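Since the structure comes first, as structure tokens, the remarks are kept for the end.
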Amino acid sequence: MTSLTPAAHASGADCSLTTLPVSGPTGTATISGQLCKPLGVNPDSVQLLVHGGTYNRAYWDLPGVPESYSYQRNMAREGRATFAVDRLGTGASTHPPSLPLLISVEARTMHEVVQHLRAGRVGGTAYRKVVIVGHSVGSGIVALEAATYHDVDGVVLSGMTHMPAVPVLTLGAALGLQPVFLDDLLAKLGSDPLYFTTRPGARAGLFYAVDGAEQAVVDADEATKDQVSVPGMGTVAVFGIVLPTTYGIDVPVFQAVGSDDVLFCGLLALRDCSDAANLRAQEAPYYRPEAQLQTYVLPGAGHSLGLHRNAEDYRDATRAWLGSRFGM
């Protein structure tokens, strides 16, 4: 049963919270999400937004900062609907045991959310077109969902390439992560030893280019951080990002990164993210022709490119791609 509760209103955006039943790793579970659409307009297309590790849906609509940082409200002002979910284990969604929360489970739950969107169970609109959008770990999940179920019209992958900076990721995991039960902010979530989060203060170095981000945004990010299943993150890294899972995607793909993403760009990542053309040349072998791969690089932005000062440029590029491919 779908339940709707009103969320905060913003100029040009009508946002509401929805709870949906899905199949969890150990039985029936629920996915919580926020639908944002234009005031007085009911589009027949929607973007399904899937956040990364140690995030929740707040990545797409960060509280406590200027509305200009909100992907959801920005898209609504431009006439587009978005549905940002809390993945299983995060936010208001069901928190199953961490061990079985693998990429296959997460991809299946997103497939079920797509079916809910198409059936009119979110906001009462049976969406004709669904584009699934991922960030970081969420991009790996999105890639597997689209390659397995072939139920979406388009795919947006952000904050990922197929050649991550393994030394940086290893060092970042060792020094930047800790079990949730040791974290002062999130210890209340429980004592499952394989749910991890970022150490206090670690997000700035891992997720941001210092010169491209406001400290108030980094602080708000820290205040809304969440947990991630370590086994799940491991399977996403292997089966969603490193292996050519994306070769199974047969709909148009838009891939965006920040030029200063220390986790996926630069010398240690074996990827040149200096411009879109270089990125496309390196990434194209991982996609079939049907993907019609288009790439974008946000200058001066780090891993969480949607939360940098110039994030509007990334959203503009995404909107232009949506318009050119789907008329959205």
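Scheme for the structure tokens: letters A, B, ... for chains in order shown; per-chain residue numbers from 1; ligand numbers from 1 in order shown.
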
Ser98 (chain A) environment, 9 Å, only C-alpha atoms, sequence neighbours closer than 4 positions dropped, as a list in words:
Gly89, Leu102, Asp192, Pro193, Leu194, Tyr195, Val228, Ser229, Val230, Pro231 and Gly232 of chain A

Need to verify the contact set: Glu290 (chain A), 9 Å, only C-alpha atoms, exclusion of same-chain residues closer than 2 positions in sequence. Can you return it as a ChimeraX atom specification?
/A:249-253,287-288,292-293

Since we have the selection now, will you write its residues out, keeping all heavy atoms, as a short mmCIF file (atom, residue, chain, number, x, y, z; two decimals), in the first residue's frame?
```cif
data_model
loop_
_atom_site.label_atom_id
_atom_site.label_comp_id
_atom_site.auth_asym_id
_atom_site.auth_seq_id
_atom_site.Cartn_x
_atom_site.Cartn_y
_atom_site.Cartn_z
N ILE A 249 23.43 -2.49 -21.19
CA ILE A 249 22.44 -1.41 -21.28
C ILE A 249 22.14 -1.13 -22.75
O ILE A 249 23.05 -0.86 -23.54
CB ILE A 249 22.94 -0.14 -20.57
CG1 ILE A 249 23.22 -0.41 -19.09
CG2 ILE A 249 21.92 0.98 -20.72
CD1 ILE A 249 23.86 0.76 -18.35
N ASP A 250 20.87 -1.17 -23.11
CA ASP A 250 20.49 -0.98 -24.51
C ASP A 250 19.63 0.26 -24.73
O ASP A 250 18.86 0.33 -25.69
CB ASP A 250 19.78 -2.23 -25.04
CG ASP A 250 18.56 -2.62 -24.22
OD1 ASP A 250 18.21 -1.87 -23.28
OD2 ASP A 250 17.96 -3.67 -24.51
N VAL A 251 19.74 1.23 -23.82
CA VAL A 251 19.04 2.52 -23.96
C VAL A 251 20.07 3.63 -23.81
O VAL A 251 21.18 3.39 -23.34
CB VAL A 251 17.92 2.67 -22.91
CG1 VAL A 251 16.80 1.67 -23.14
CG2 VAL A 251 18.48 2.55 -21.49
N PRO A 252 19.74 4.87 -24.19
CA PRO A 252 20.71 5.95 -24.13
C PRO A 252 21.26 6.18 -22.72
O PRO A 252 20.54 6.08 -21.73
CB PRO A 252 19.91 7.17 -24.61
CG PRO A 252 18.88 6.59 -25.51
CD PRO A 252 18.49 5.29 -24.88
N VAL A 253 22.57 6.52 -22.67
CA VAL A 253 23.28 6.72 -21.41
C VAL A 253 23.97 8.08 -21.40
O VAL A 253 24.62 8.46 -22.38
CB VAL A 253 24.33 5.62 -21.17
CG1 VAL A 253 25.14 5.89 -19.90
CG2 VAL A 253 23.67 4.24 -21.08
N TYR A 287 30.36 0.20 -23.42
CA TYR A 287 28.95 0.36 -23.79
C TYR A 287 28.72 -0.16 -25.20
O TYR A 287 29.60 -0.11 -26.05
CB TYR A 287 28.55 1.85 -23.74
CG TYR A 287 28.64 2.45 -22.36
CD1 TYR A 287 29.82 3.03 -21.92
CD2 TYR A 287 27.53 2.45 -21.51
CE1 TYR A 287 29.90 3.60 -20.64
CE2 TYR A 287 27.61 3.01 -20.24
CZ TYR A 287 28.80 3.58 -19.82
OH TYR A 287 28.88 4.13 -18.57
N ARG A 288 27.52 -0.63 -25.45
CA ARG A 288 27.13 -1.06 -26.79
C ARG A 288 26.65 0.16 -27.58
O ARG A 288 26.32 1.20 -26.99
CB ARG A 288 26.07 -2.15 -26.72
CG ARG A 288 24.79 -1.71 -26.06
CD ARG A 288 24.01 -2.85 -25.43
NE ARG A 288 23.66 -3.88 -26.41
CZ ARG A 288 23.00 -4.99 -26.09
NH1 ARG A 288 22.65 -5.23 -24.83
NH2 ARG A 288 22.71 -5.87 -27.01
N GLN A 292 24.39 4.93 -27.14
CA GLN A 292 24.62 6.29 -27.67
C GLN A 292 25.29 7.16 -26.61
O GLN A 292 24.85 8.28 -26.32
CB GLN A 292 23.29 6.91 -28.12
CG GLN A 292 22.51 6.07 -29.11
CD GLN A 292 21.11 6.63 -29.33
OE1 GLN A 292 20.94 7.79 -29.71
NE2 GLN A 292 20.10 5.81 -29.11
N LEU A 293 26.36 6.65 -26.03
CA LEU A 293 26.97 7.26 -24.85
C LEU A 293 27.30 8.73 -25.06
O LEU A 293 27.95 9.10 -26.03
CB LEU A 293 28.25 6.50 -24.48
CG LEU A 293 29.05 7.08 -23.30
CD1 LEU A 293 28.26 6.99 -22.01
CD2 LEU A 293 30.39 6.35 -23.16
#
```

Strand (DSSP E) residues, from DSSP on the backbone, in region 65-252 of chain A, as a ChimeraX atom specification:
/A:81-86,129-135,154-158,177-179,195-198,228-229

Would you compute the distance between CA of Val130 (chain A) and CA of Met110 (chain A)? Give it in Å to one decimal.
11.7 Å

Neighbours of Ser45 (chain A) within 9 Å (only C-alpha atoms; same-chain residues fewer than 5 positions away dropped), as a VMD selection string?
chain A and resid 80 to 82 126 to 131 328

Can you pull out the residues contacting region 144-161 of chain A? Cut-off 6 Å, using only C-alpha atoms, and skip same-chain residues under 4 positions away; I want them as a ChimeraX atom specification.
/A:107,130-136,139,240,248-249,251-257,264,303
